[in-house]
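The next block is my_file10.cif, given as mmCIF, C-alpha atoms.
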data_target
#
loop_
_atom_site.label_atom_id
_atom_site.label_comp_id
_atom_site.auth_asym_id
_atom_site.auth_seq_id
_atom_site.Cartn_x
_atom_site.Cartn_y
_atom_site.Cartn_z
CA MET A 25 -69.30 -115.36 34.49
CA GLU A 26 -72.94 -115.31 33.58
CA LYS A 27 -73.76 -114.97 29.90
CA HIS A 28 -74.71 -111.47 28.84
CA LEU A 29 -75.24 -109.92 25.43
CA PHE A 30 -73.50 -106.73 26.51
CA LEU A 31 -70.15 -107.74 27.88
CA ALA A 32 -67.58 -106.70 30.44
CA GLY A 33 -64.43 -104.96 29.28
CA HIS A 34 -66.35 -101.92 28.05
CA THR A 35 -64.73 -98.68 29.12
CA ALA A 36 -67.58 -96.91 30.91
CA CYS A 37 -66.78 -94.94 34.05
CA TYR A 38 -67.24 -96.81 37.28
CA GLY A 39 -70.80 -96.77 38.58
CA CYS A 40 -72.16 -96.04 35.08
CA GLY A 41 -75.93 -96.29 34.93
CA GLU A 42 -75.97 -96.36 31.14
CA ALA A 43 -73.77 -99.47 30.94
CA LEU A 44 -76.17 -101.18 33.34
CA GLY A 45 -79.18 -99.95 31.36
CA ALA A 46 -77.80 -101.17 28.03
CA ARG A 47 -77.08 -104.60 29.46
CA LEU A 48 -80.57 -104.88 30.93
CA VAL A 49 -82.14 -103.90 27.61
CA VAL A 50 -80.23 -106.28 25.34
CA ASP A 51 -80.40 -109.15 27.83
CA ALA A 52 -84.18 -108.74 27.96
CA ALA A 53 -84.44 -108.49 24.16
CA GLY A 54 -82.45 -111.66 23.58
CA PRO A 55 -79.96 -112.62 20.86
CA ASN A 56 -82.24 -112.18 17.83
CA ILE A 57 -81.90 -108.42 17.57
CA ILE A 58 -80.09 -105.84 15.46
CA THR A 59 -79.13 -102.70 17.35
CA THR A 60 -78.18 -99.24 16.17
CA ASP A 61 -76.78 -96.47 18.32
CA ALA A 62 -76.39 -92.73 18.13
CA THR A 63 -73.05 -91.16 18.98
CA GLY A 64 -72.67 -90.75 22.71
CA CYS A 65 -71.24 -92.35 25.78
CA LEU A 66 -72.76 -95.73 25.00
CA GLU A 67 -71.24 -95.90 21.53
CA VAL A 68 -67.84 -94.65 22.71
CA PHE A 69 -67.41 -96.99 25.67
CA SER A 70 -68.92 -100.08 24.05
CA SER A 71 -67.38 -100.01 20.59
CA ARG A 72 -63.83 -98.79 20.97
CA TRP A 73 -62.38 -99.99 17.68
CA PRO A 74 -61.20 -102.69 17.08
CA GLN A 75 -63.18 -104.06 20.01
CA SER A 76 -66.88 -104.39 20.69
CA ALA A 77 -68.72 -105.13 23.93
CA TRP A 78 -71.79 -106.24 21.97
CA ALA A 79 -72.60 -109.89 21.36
CA VAL A 80 -75.41 -108.82 18.99
CA PRO A 81 -75.21 -106.95 15.64
CA PHE A 82 -74.52 -103.28 16.38
CA ILE A 83 -74.29 -100.32 14.00
CA HIS A 84 -73.11 -96.83 14.80
CA SER A 85 -73.28 -94.21 12.10
CA LEU A 86 -73.76 -90.61 13.23
CA PHE A 87 -75.09 -88.58 16.13
CA GLU A 88 -78.46 -87.79 14.59
CA ASN A 89 -79.41 -90.85 12.62
CA SER A 90 -79.77 -93.82 14.97
CA ALA A 91 -83.52 -93.96 14.22
CA ALA A 92 -82.95 -93.48 10.47
CA VAL A 93 -80.35 -96.27 10.28
CA ALA A 94 -82.70 -98.54 12.23
CA SER A 95 -85.49 -97.61 9.80
CA GLY A 96 -83.25 -98.75 6.93
CA VAL A 97 -82.41 -102.00 8.71
CA GLU A 98 -86.10 -102.71 9.30
CA ALA A 99 -87.03 -101.82 5.71
CA ALA A 100 -84.25 -104.09 4.40
CA LEU A 101 -85.46 -106.99 6.55
CA LYS A 102 -88.95 -106.44 5.15
CA ALA A 103 -87.74 -106.23 1.55
CA MET A 104 -85.88 -109.51 1.96
CA GLY A 105 -88.92 -111.11 3.58
CA ARG A 106 -86.93 -111.75 6.74
CA GLN A 107 -88.73 -109.44 9.19
CA GLY A 108 -89.57 -112.32 11.52
CA GLU A 109 -85.93 -113.21 12.03
CA ALA A 110 -84.74 -110.23 14.06
CA LYS A 111 -86.17 -107.35 16.03
CA VAL A 112 -84.63 -103.93 15.54
CA ILE A 113 -83.63 -101.78 18.50
CA ALA A 114 -82.47 -98.21 17.99
CA GLN A 115 -80.63 -96.61 20.88
CA GLY A 116 -79.48 -93.15 21.79
CA GLY A 117 -78.56 -90.94 24.68
CA ASP A 118 -80.75 -88.03 25.72
CA GLY A 119 -78.96 -85.59 23.41
CA GLY A 120 -79.01 -87.99 20.47
CA THR A 121 -82.73 -88.50 21.06
CA ALA A 122 -84.28 -85.24 22.22
CA ASP A 123 -82.08 -82.71 20.41
CA ILE A 124 -79.84 -83.90 17.59
CA GLY A 125 -81.73 -87.07 16.62
CA LEU A 126 -85.25 -85.73 17.07
CA GLN A 127 -86.05 -85.30 13.40
CA CYS A 128 -84.87 -88.80 12.45
CA LEU A 129 -86.82 -90.18 15.41
CA SER A 130 -89.90 -88.24 14.33
CA GLY A 131 -89.55 -89.71 10.83
CA MET A 132 -89.28 -93.21 12.25
CA PHE A 133 -92.46 -92.69 14.29
CA GLU A 134 -94.26 -91.13 11.32
CA ARG A 135 -93.42 -93.96 8.91
CA GLY A 136 -94.50 -96.51 11.49
CA HIS A 137 -91.40 -98.70 11.39
CA ASP A 138 -91.46 -101.79 13.60
CA ILE A 139 -88.62 -100.57 15.83
CA LEU A 140 -88.07 -100.17 19.55
CA TYR A 141 -86.30 -96.90 20.28
CA VAL A 142 -84.53 -96.85 23.64
CA CYS A 143 -83.37 -93.51 25.02
CA TYR A 144 -80.82 -93.73 27.83
CA ASP A 145 -81.51 -90.53 29.67
CA ASN A 146 -78.51 -89.37 31.71
CA GLU A 147 -79.68 -85.78 31.45
CA ALA A 148 -76.77 -84.10 29.59
CA TYR A 149 -74.13 -84.65 26.90
CA MET A 150 -71.83 -86.63 29.16
CA ASN A 151 -69.57 -87.97 26.40
CA THR A 152 -68.23 -84.54 25.44
CA GLY A 153 -67.92 -83.24 29.01
CA VAL A 154 -71.36 -82.52 30.47
CA GLN A 155 -73.13 -79.97 28.28
CA ARG A 156 -76.84 -79.35 28.75
CA SER A 157 -79.31 -81.17 26.53
CA GLY A 158 -83.06 -80.92 26.07
CA LEU A 159 -83.51 -83.48 28.82
CA THR A 160 -81.31 -81.75 31.42
CA PRO A 161 -83.45 -80.95 34.46
CA TYR A 162 -84.11 -77.46 35.77
CA ASP A 163 -81.29 -75.76 37.73
CA SER A 164 -78.74 -78.44 36.88
CA ASP A 165 -75.14 -77.20 36.72
CA THR A 166 -73.49 -78.18 33.43
CA ARG A 167 -70.60 -76.77 31.36
CA THR A 168 -72.99 -74.84 29.10
CA SER A 169 -75.36 -73.86 31.89
CA PRO A 170 -72.91 -73.15 34.73
CA SER A 171 -74.12 -71.91 38.07
CA GLY A 172 -72.53 -68.67 39.20
CA LYS A 173 -73.18 -65.31 40.80
CA VAL A 174 -76.29 -64.74 38.70
CA SER A 175 -77.10 -68.11 37.15
CA TRP A 176 -78.78 -71.02 38.92
CA GLY A 177 -77.76 -73.47 36.22
CA ASN A 178 -80.01 -74.81 33.48
CA ARG A 179 -82.97 -72.45 33.23
CA TYR A 180 -85.12 -74.61 30.92
CA LEU A 181 -87.46 -77.42 31.85
CA LYS A 182 -86.92 -81.02 30.79
CA LYS A 183 -88.48 -81.81 27.40
CA ASP A 184 -91.50 -84.08 27.65
CA MET A 185 -90.26 -86.72 25.20
CA PRO A 186 -93.01 -89.28 25.94
CA ALA A 187 -95.60 -86.63 25.05
CA ILE A 188 -93.75 -85.85 21.79
CA ALA A 189 -93.78 -89.58 20.95
CA ALA A 190 -97.46 -89.81 21.92
CA ALA A 191 -98.28 -86.92 19.57
CA HIS A 192 -96.99 -89.14 16.71
CA GLY A 193 -99.55 -91.81 17.62
CA VAL A 194 -96.89 -94.27 18.85
CA PRO A 195 -98.69 -97.38 20.19
CA TYR A 196 -96.35 -98.06 23.11
CA ILE A 197 -94.40 -95.54 25.19
CA ALA A 198 -92.79 -96.19 28.55
CA THR A 199 -90.41 -94.59 30.99
CA ALA A 200 -88.25 -96.72 33.26
CA SER A 201 -85.31 -96.39 35.63
CA VAL A 202 -82.27 -98.58 36.24
CA ALA A 203 -83.26 -98.47 39.92
CA TYR A 204 -85.93 -101.00 38.93
CA PRO A 205 -84.08 -103.46 36.64
CA LYS A 206 -86.92 -105.99 36.35
CA ASP A 207 -89.28 -103.19 35.33
CA VAL A 208 -86.88 -102.09 32.56
CA GLN A 209 -86.67 -105.65 31.26
CA SER A 210 -90.40 -106.34 31.35
CA LYS A 211 -91.06 -103.08 29.49
CA VAL A 212 -88.53 -104.00 26.79
CA LYS A 213 -90.13 -107.44 26.41
CA LYS A 214 -93.61 -105.96 26.24
CA ALA A 215 -92.51 -103.33 23.71
CA LEU A 216 -90.96 -105.97 21.45
CA SER A 217 -94.23 -107.94 21.47
CA ILE A 218 -96.04 -104.95 19.90
CA THR A 219 -95.82 -104.20 16.17
CA GLY A 220 -95.01 -100.65 15.16
CA PRO A 221 -92.79 -97.92 16.58
CA LYS A 222 -92.12 -98.04 20.32
CA TYR A 223 -90.38 -95.59 22.61
CA VAL A 224 -88.81 -96.46 25.97
CA GLN A 225 -86.91 -93.87 28.01
CA VAL A 226 -84.63 -95.25 30.70
CA HIS A 227 -83.32 -92.97 33.45
CA VAL A 228 -79.61 -93.74 33.92
CA PRO A 229 -77.54 -91.84 36.51
CA CYS A 230 -74.11 -90.59 35.47
CA PRO A 231 -71.77 -90.28 38.48
CA LEU A 232 -69.33 -88.16 36.45
CA GLY A 233 -71.81 -85.57 35.20
CA TRP A 234 -74.11 -85.59 38.20
CA LYS A 235 -71.09 -85.47 40.56
CA SER A 236 -72.58 -88.22 42.68
CA ASP A 237 -70.96 -91.17 44.43
CA PRO A 238 -70.57 -94.04 41.91
CA ALA A 239 -71.63 -96.53 44.59
CA LEU A 240 -74.94 -94.69 45.02
CA THR A 241 -76.03 -94.88 41.37
CA ILE A 242 -79.05 -97.04 42.18
CA LYS A 243 -79.96 -95.01 45.27
CA VAL A 244 -79.89 -91.74 43.32
CA ALA A 245 -82.02 -93.25 40.54
CA LYS A 246 -84.50 -94.57 43.09
CA LEU A 247 -84.77 -91.16 44.80
CA ALA A 248 -85.53 -89.50 41.45
CA VAL A 249 -88.56 -91.77 41.19
CA GLU A 250 -89.60 -91.61 44.84
CA THR A 251 -89.55 -87.82 44.94
CA GLY A 252 -91.75 -87.65 41.83
CA LEU A 253 -89.11 -85.96 39.65
CA TYR A 254 -88.95 -88.92 37.28
CA PRO A 255 -92.41 -90.43 36.82
CA ILE A 256 -92.39 -94.06 35.67
CA PHE A 257 -95.34 -94.96 33.50
CA GLU A 258 -96.58 -96.86 30.48
CA MET A 259 -98.62 -95.23 27.74
CA GLU A 260 -100.55 -97.32 25.27
CA ASN A 261 -102.21 -95.65 22.26
CA GLY A 262 -101.86 -92.24 23.90
CA VAL A 263 -103.42 -93.20 27.23
CA VAL A 264 -101.42 -93.70 30.44
CA THR A 265 -102.23 -97.28 31.41
CA LYS A 266 -99.82 -98.04 34.21
CA VAL A 267 -97.96 -95.92 36.74
CA ARG A 268 -95.28 -96.93 39.24
CA LYS A 269 -96.73 -95.73 42.53
CA ILE A 270 -94.42 -94.11 45.05
CA PRO A 271 -94.70 -94.45 48.84
CA ARG A 272 -96.83 -91.84 50.55
CA PRO A 273 -95.79 -89.25 51.61
CA ALA A 274 -93.46 -88.56 48.69
CA LYS A 275 -89.87 -87.83 49.71
CA PRO A 276 -88.82 -84.16 49.56
CA VAL A 277 -86.71 -83.30 46.49
CA THR A 278 -83.87 -82.08 48.74
CA GLU A 279 -83.06 -85.74 49.51
CA TYR A 280 -82.42 -86.32 45.81
CA LEU A 281 -80.69 -83.00 45.12
CA LYS A 282 -78.25 -83.17 48.05
CA LEU A 283 -76.65 -86.37 46.76
CA GLN A 284 -75.53 -84.64 43.58
CA GLY A 285 -72.82 -82.05 42.99
CA ARG A 286 -74.69 -80.65 39.98
CA PHE A 287 -77.27 -79.22 42.40
CA ALA A 288 -74.79 -78.27 45.18
CA HIS A 289 -75.05 -74.55 44.35
CA LEU A 290 -78.70 -74.61 45.48
CA PHE A 291 -77.55 -75.24 49.04
CA LYS A 292 -74.50 -72.96 49.09
CA LYS A 293 -75.74 -69.69 47.65
CA GLY A 294 -78.26 -67.41 49.37
CA GLY A 295 -81.72 -67.63 47.85
CA GLY A 296 -81.36 -71.32 46.99
CA GLU A 297 -84.47 -72.22 48.97
CA ALA A 298 -86.69 -70.47 46.43
CA GLU A 299 -85.09 -72.52 43.61
CA VAL A 300 -85.51 -75.76 45.56
CA LYS A 301 -89.16 -74.83 45.99
CA LYS A 302 -89.50 -74.51 42.21
CA ILE A 303 -88.02 -78.01 41.77
CA GLN A 304 -90.40 -79.32 44.46
CA GLN A 305 -93.22 -77.77 42.44
CA ILE A 306 -92.10 -79.72 39.35
CA ALA A 307 -92.21 -82.93 41.41
CA ASP A 308 -95.63 -82.06 42.86
CA GLU A 309 -97.00 -81.39 39.38
CA ASN A 310 -95.72 -84.79 38.19
CA ILE A 311 -97.34 -86.48 41.20
CA LYS A 312 -100.65 -84.79 40.41
CA LYS A 313 -100.47 -85.32 36.65
CA TYR A 314 -99.73 -89.05 36.80
CA GLY A 315 -101.38 -89.86 40.15
CA LEU A 316 -98.10 -91.22 41.50
CA LEU A 317 -98.93 -91.53 45.20
CA SER A 318 -99.95 -95.03 46.24
CA GLU A 319 -103.32 -95.50 47.88
CA ALA A 320 -102.25 -98.67 49.66
CA ALA A 321 -99.50 -96.90 51.58
CA GLU A 322 -102.01 -94.29 52.69
CA LYS A 323 -104.18 -96.99 54.22
CA VAL A 324 -101.16 -98.46 55.98
CA ALA A 325 -100.28 -95.04 57.34
CA VAL A 326 -103.83 -94.55 58.65
CA GLU A 327 -103.77 -97.93 60.36
CA LYS A 328 -100.50 -97.08 62.06
CA GLU A 329 -101.96 -93.90 63.47
CA MET B 209 -55.97 -109.59 17.86
CA LYS B 210 -56.98 -109.62 14.21
CA VAL B 211 -57.90 -106.13 13.04
CA ILE B 212 -60.51 -105.77 10.31
CA LEU B 213 -60.45 -102.67 8.14
CA GLY B 214 -63.52 -100.57 7.48
CA GLY B 215 -64.59 -99.71 11.01
CA LEU B 216 -65.76 -103.22 11.73
CA ALA B 217 -65.19 -105.07 14.98
CA GLN B 218 -65.85 -108.66 15.91
CA PRO B 219 -68.57 -109.16 18.52
CA ALA B 220 -67.71 -109.74 22.18
CA THR B 221 -64.05 -108.67 21.77
CA SER B 222 -64.09 -106.13 24.62
CA LEU B 223 -63.40 -109.05 26.96
CA ALA B 224 -59.71 -108.50 26.17
CA ASN B 225 -59.71 -105.25 28.20
CA ASN B 226 -58.48 -105.54 31.78
CA THR B 227 -60.71 -102.84 33.23
CA GLY B 228 -59.92 -104.25 36.68
CA THR B 229 -56.68 -102.26 36.66
CA TRP B 230 -58.74 -99.06 37.19
CA ARG B 231 -59.75 -100.24 40.61
CA ASN B 232 -58.93 -98.55 43.94
CA TYR B 233 -61.36 -100.46 46.12
CA ILE B 234 -62.08 -104.15 45.80
CA PRO B 235 -65.30 -105.85 46.92
CA VAL B 236 -65.04 -108.67 49.42
CA PHE B 237 -67.94 -111.10 49.25
CA LEU B 238 -68.18 -112.26 52.88
CA GLN B 239 -70.63 -115.08 51.95
CA LYS B 240 -71.99 -115.14 55.51
CA THR B 241 -75.48 -113.64 55.57
CA CYS B 242 -76.16 -113.86 51.81
CA THR B 243 -79.80 -114.61 51.05
CA GLY B 244 -79.24 -115.27 47.35
CA CYS B 245 -81.35 -112.30 46.20
CA THR B 246 -79.00 -111.75 43.17
CA ILE B 247 -79.21 -107.94 43.46
CA CYS B 248 -75.38 -107.64 43.37
CA ALA B 249 -75.26 -109.57 40.10
CA ILE B 250 -78.08 -107.52 38.57
CA VAL B 251 -76.77 -104.04 39.44
CA CYS B 252 -73.11 -104.57 38.49
CA PRO B 253 -72.50 -102.22 35.51
CA GLU B 254 -69.83 -104.61 34.24
CA GLY B 255 -72.02 -107.67 34.65
CA CYS B 256 -69.03 -109.35 36.29
CA VAL B 257 -70.71 -110.55 39.51
CA TYR B 258 -71.92 -114.14 39.32
CA SER B 259 -73.00 -116.97 41.58
CA VAL B 260 -70.80 -119.98 42.16
CA GLU B 261 -73.58 -121.77 43.97
CA LYS B 262 -76.82 -120.80 45.66
CA LYS B 263 -76.25 -117.99 48.21
CA LYS B 264 -72.60 -117.73 47.22
CA PHE B 265 -71.59 -114.92 44.91
CA THR B 266 -68.25 -113.74 43.64
CA PHE B 267 -66.87 -111.44 40.94
CA ASP B 268 -64.38 -111.41 38.11
CA ALA B 269 -61.40 -109.31 39.24
CA LYS B 270 -60.27 -108.90 35.63
CA TYR B 271 -63.21 -106.56 34.94
CA CYS B 272 -64.39 -105.20 38.32
CA LYS B 273 -63.77 -101.42 38.38
CA GLY B 274 -64.52 -101.21 42.11
CA CYS B 275 -67.50 -98.86 41.87
CA GLY B 276 -69.05 -100.35 45.00
CA MET B 277 -72.61 -100.57 43.68
CA CYS B 278 -72.87 -104.24 44.73
CA ALA B 279 -71.81 -103.38 48.30
CA ALA B 280 -74.11 -100.33 48.47
CA GLU B 281 -77.14 -102.27 47.25
CA CYS B 282 -76.62 -105.52 49.21
CA PRO B 283 -79.66 -105.61 51.53
CA VAL B 284 -77.84 -107.67 54.18
CA ASP B 285 -74.44 -105.89 53.98
CA ASP B 286 -72.65 -109.08 53.02
CA ILE B 287 -70.23 -107.24 50.70
CA GLU B 288 -67.43 -104.98 51.91
CA MET B 289 -65.30 -102.58 49.92
CA VAL B 290 -61.65 -102.50 51.00
CA MET B 291 -58.68 -100.53 49.67
CA GLU B 292 -56.76 -102.76 47.33
CA GLU B 293 -53.02 -102.99 47.71
CA LYS B 294 -51.25 -103.56 44.44
#
Same coordinates, now as structure tokens:
Amino acid sequence: MEKHLFLAGHTACYGCGEALGARLVVDAAGPNIITTDATGCLEVFSSRWPQSAWAVPFIHSLFENSAAVASGVEAALKAMGRQGEAKVIAQGGDGGTADIGLQCLSGMFERGHDILYVCYDNEAYMNTGVQRSGLTPYDSDTRTSPSGKVSWGNRYLKKDMPAIAAAHGVPYIATASVAYPKDVQSKVKKALSITGPKYVQVHVPCPLGWKSDPALTIKVAKLAVETGLYPIFEMENGVVTKVRKIPRPAKPVTEYLKLQGRFAHLFKKGGGEAEVKKIQQIADENIKKYGLLSEAAEKVAVEKE
Amino acid sequence: MKVILGGLAQPATSLANNTGTWRNYIPVFLQKTCTGCTICAIVCPEGCVYSVEKKKFTFDAKYCKGCGMCAAECPVDDIEMVMEEK
């Protein structure tokens, strides 16, 4: 087998996007890193005591303090005069980042630690059985936001984590998706070349929680980007510097929603069209806000006509 | 396996797990139209797909959970998923 720093034998579900994401991140970062992790799927399936799927130093402490533990690691390296020897990567799921770990993450940003924080965003608390988190998208069916006679699922919008990080004056912020593995890896490499706190949010499908076909993990992730629901961009010193353009015209959100059981109620219950329209509106706003549509494709389309 | 007290684990010890026993479907690498794009090796969540030589890929059956991502993403449909008889 090829040499990886995140190894096989971990107990993730089949088709897990997070397992793929974690491997891409640590492989890109290389062996000279120290990683911390918040409680969550990643910690549970990769470090089932007495085994570990990590070939790099890995610390798990609590749900909320991945960023705080990483801050301590970085401060210790500095105090020992060994900060050049290893880069520090803090990791967490969407719940451990946007809800439970937000204050520790905010502290890490505020103190300006030289740490890369990677958030694996699978859009709910999958480890404990699919409860909604701050990064769960609108109308998603989860155990704590079930769809039913009256409810359409999660009624809150996804938290804008990159904007929260940007408000702290973080020098490098990026979003990425496992549908574009090389993009994830180049963003991790770029982030590690910058001194100071960095935030990278990787979109990782969860076949169990999203009720999608495990084989289609990459396809689902790609559709999230191509419909405009998950904008991929880089933000340096508060300014969006790079955006992954999507083919024009953007795909309708129904293509993305229909592949997932967590949105199935939108197509079964009367009145679902209005809800789908709202989700389309979210995608359209993203496309407008980040200028996602490619100009090149437009030219190609005109030539074809 | 040597167990260390105190919540510590040795690195790279998960390789002892035979996650391949979870599998219902097994990938068959036909090795006919392969272009050597390496997508199958990149997208495998287990990281257990590897190349034996250029344009010839295979997988480690000890770890493959049979998710079918390699077959779904292969741009030339050179990988098939078949029901595994045990």
What residues come out when you apply the PyMOL selection byres ((chain A and resi 172-176) around 9) to this file, written as a PyMOL selection string?
chain A and resi 162-165+169-171+177-179+289-290+293+296+299
At a cut-off of 6 Å, can you tabulate as a Markdown table every residue of chain A near chain B together with its closest atom pair and the distance in Å to one decimal, using all atoms listed in the file and ordering rows by chain then number?
| residue | atom | partner | partner_atom | distance |
| --- | --- | --- | --- | --- |
| A:Met25 | CA | B:Tyr258 | CA | 5.6 |
| A:Glu26 | CA | B:Tyr258 | CA | 5.9 |
| A:Ala32 | CA | B:Glu254 | CA | 4.9 |
| A:Gly33 | CA | B:Leu223 | CA | 4.8 |
| A:His34 | CA | B:Ser222 | CA | 5.9 |
| A:Tyr38 | CA | B:Cys275 | CA | 5.0 |
| A:Gly39 | CA | B:Cys275 | CA | 5.1 |
| A:Ala43 | CA | B:Pro253 | CA | 5.5 |
| A:Leu44 | CA | B:Pro253 | CA | 4.4 |
| A:Pro74 | CA | B:Ala217 | CA | 5.1 |
| A:Gln75 | CA | B:Thr221 | CA | 5.0 |
| A:Ser76 | CA | B:Ser222 | CA | 5.1 |
| A:Ala77 | CA | B:Ser222 | CA | 4.8 |
| A:Trp78 | CA | B:Ala220 | CA | 5.4 |
| A:Ala79 | CA | B:Ala220 | CA | 5.0 |
| A:Pro238 | CA | B:Cys275 | CA | 5.7 |
| A:Ala239 | CA | B:Met277 | CA | 4.3 |
Separation of atom CA of A:Ser71 from atom CA of A:Ala198, in Å and rounded to one decimal:
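Calculated distance between atom CA of A:Ser71 and atom CA of A:Ala198 is 26.9 Å.
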Residue by residue, what does the PyMOL selection byres ((chain B and resi 293) around 9) grab here? Present the result as a PyMOL selection string.
chain B and resi 232-233+291-292+294
Could you state the separation of atom CA of A:Lys243 and atom CA of A:Lys222 in Å, given to one decimal place?
27.9 Å
Once you count all atoms listed in the file, which residues end up no further than 12 Å from (-74.6, -81.1, 38.4) in the file's frame, shown as a PyMOL selection string?
chain A and resi 146-148+150+153-156+160-171+176-178+229-236+280-290
Closest of A:Thr35, A:Asn89, A:Ser95, A:Gln115 to A:Thr59 - atom-to-atom distances counting only C-alpha atoms
A:Gln115
Answer key for the PyMOL selection byres ((chain A and resi 49) around 9), residues as a PyMOL selection string:
chain A and resi 44-48+50-54+142+208-209+212-213
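For the pair atom CA of A:Asn261 and atom CA of A:Ala94, the interatomic distance is 22.1 Å.
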Just the residues within 6 Å of B:Lys263, please, counting all atoms listed in the file, with nothing from its chain fewer than 3 positions along; format it as a PDB file with C-alpha atoms, in the coordinates of the input.
ATOM      1  CA  CYS B 242     -76.160-113.860  51.810  1.00  0.00           C
ATOM      2  CA  THR B 243     -79.800-114.610  51.050  1.00  0.00           C
ATOM      3  CA  GLY B 244     -79.240-115.270  47.350  1.00  0.00           C
TER       4      GLY B 244
END
Which residues, written as a ChimeraX atom specification, have at least one atom at most 9 Å from A:Thr152, with all atoms listed in the file counted and residues fewer than 3 positions away on the same chain left out?
/A:64-65,149,155
Radius query 7 Å about (-63.0, -100.5, 50.2), atoms used: only C-alpha atoms, as a PyMOL selection string
chain B and resi 233-235+288-291
Can you pull out every residue within 7 Å of A:Gly158, counting only C-alpha atoms, but drop anything in the same chain fewer than 2 positions away, and send it as a PyMOL selection string?
chain A and resi 119+122-123+156+160+182-183
Can you pull out every residue within 6 Å of A:Val112, counting all atoms listed in the file, but drop anything in the same chain fewer than 6 positions away, and send it as a PyMOL selection string?
chain A and resi 57-59+139
Put those residues in a file: C-alpha atoms, as a compact mmCIF listing (two decimals), in the frame of the given file.
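Below is the file selection17.txt, written as the result:
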# COMPACT_ATOMS: atom_id res chain seq x y z
CA ILE A 57 -81.90 -108.42 17.57
CA ILE A 58 -80.09 -105.84 15.46
CA THR A 59 -79.13 -102.70 17.35
CA ILE A 139 -88.62 -100.57 15.83
Neighbouring residues of stretch 251-255 of chain A were defined as those with any atom within 9 Å, considering only C-alpha atoms; residues of the same chain fewer than 3 positions away were excluded. Please report them as a PDB file with C-alpha atoms, keeping the file's coordinate frame.
ATOM      1  CA  THR A 199     -90.410 -94.590  30.990  1.00  0.00           C
ATOM      2  CA  ALA A 200     -88.250 -96.720  33.260  1.00  0.00           C
ATOM      3  CA  SER A 201     -85.310 -96.390  35.630  1.00  0.00           C
ATOM      4  CA  HIS A 227     -83.320 -92.970  33.450  1.00  0.00           C
ATOM      5  CA  ALA A 245     -82.020 -93.250  40.540  1.00  0.00           C
ATOM      6  CA  LYS A 246     -84.500 -94.570  43.090  1.00  0.00           C
ATOM      7  CA  LEU A 247     -84.770 -91.160  44.800  1.00  0.00           C
ATOM      8  CA  ALA A 248     -85.530 -89.500  41.450  1.00  0.00           C
ATOM      9  CA  VAL A 267     -97.960 -95.920  36.740  1.00  0.00           C
ATOM     10  CA  ARG A 268     -95.280 -96.930  39.240  1.00  0.00           C
ATOM     11  CA  LYS A 269     -96.730 -95.730  42.530  1.00  0.00           C
ATOM     12  CA  ILE A 270     -94.420 -94.110  45.050  1.00  0.00           C
ATOM     13  CA  ALA A 274     -93.460 -88.560  48.690  1.00  0.00           C
ATOM     14  CA  LYS A 275     -89.870 -87.830  49.710  1.00  0.00           C
ATOM     15  CA  PRO A 276     -88.820 -84.160  49.560  1.00  0.00           C
ATOM     16  CA  VAL A 277     -86.710 -83.300  46.490  1.00  0.00           C
ATOM     17  CA  THR A 278     -83.870 -82.080  48.740  1.00  0.00           C
ATOM     18  CA  GLU A 279     -83.060 -85.740  49.510  1.00  0.00           C
ATOM     19  CA  TYR A 280     -82.420 -86.320  45.810  1.00  0.00           C
ATOM     20  CA  ILE A 303     -88.020 -78.010  41.770  1.00  0.00           C
ATOM     21  CA  GLN A 304     -90.400 -79.320  44.460  1.00  0.00           C
ATOM     22  CA  ILE A 306     -92.100 -79.720  39.350  1.00  0.00           C
ATOM     23  CA  ALA A 307     -92.210 -82.930  41.410  1.00  0.00           C
ATOM     24  CA  ASP A 308     -95.630 -82.060  42.860  1.00  0.00           C
ATOM     25  CA  GLU A 309     -97.000 -81.390  39.380  1.00  0.00           C
ATOM     26  CA  ASN A 310     -95.720 -84.790  38.190  1.00  0.00           C
ATOM     27  CA  ILE A 311     -97.340 -86.480  41.200  1.00  0.00           C
ATOM     28  CA  TYR A 314     -99.730 -89.050  36.800  1.00  0.00           C
ATOM     29  CA  LEU A 316     -98.100 -91.220  41.500  1.00  0.00           C
ATOM     30  CA  LEU A 317     -98.930 -91.530  45.200  1.00  0.00           C
TER      31      LEU A 317
END
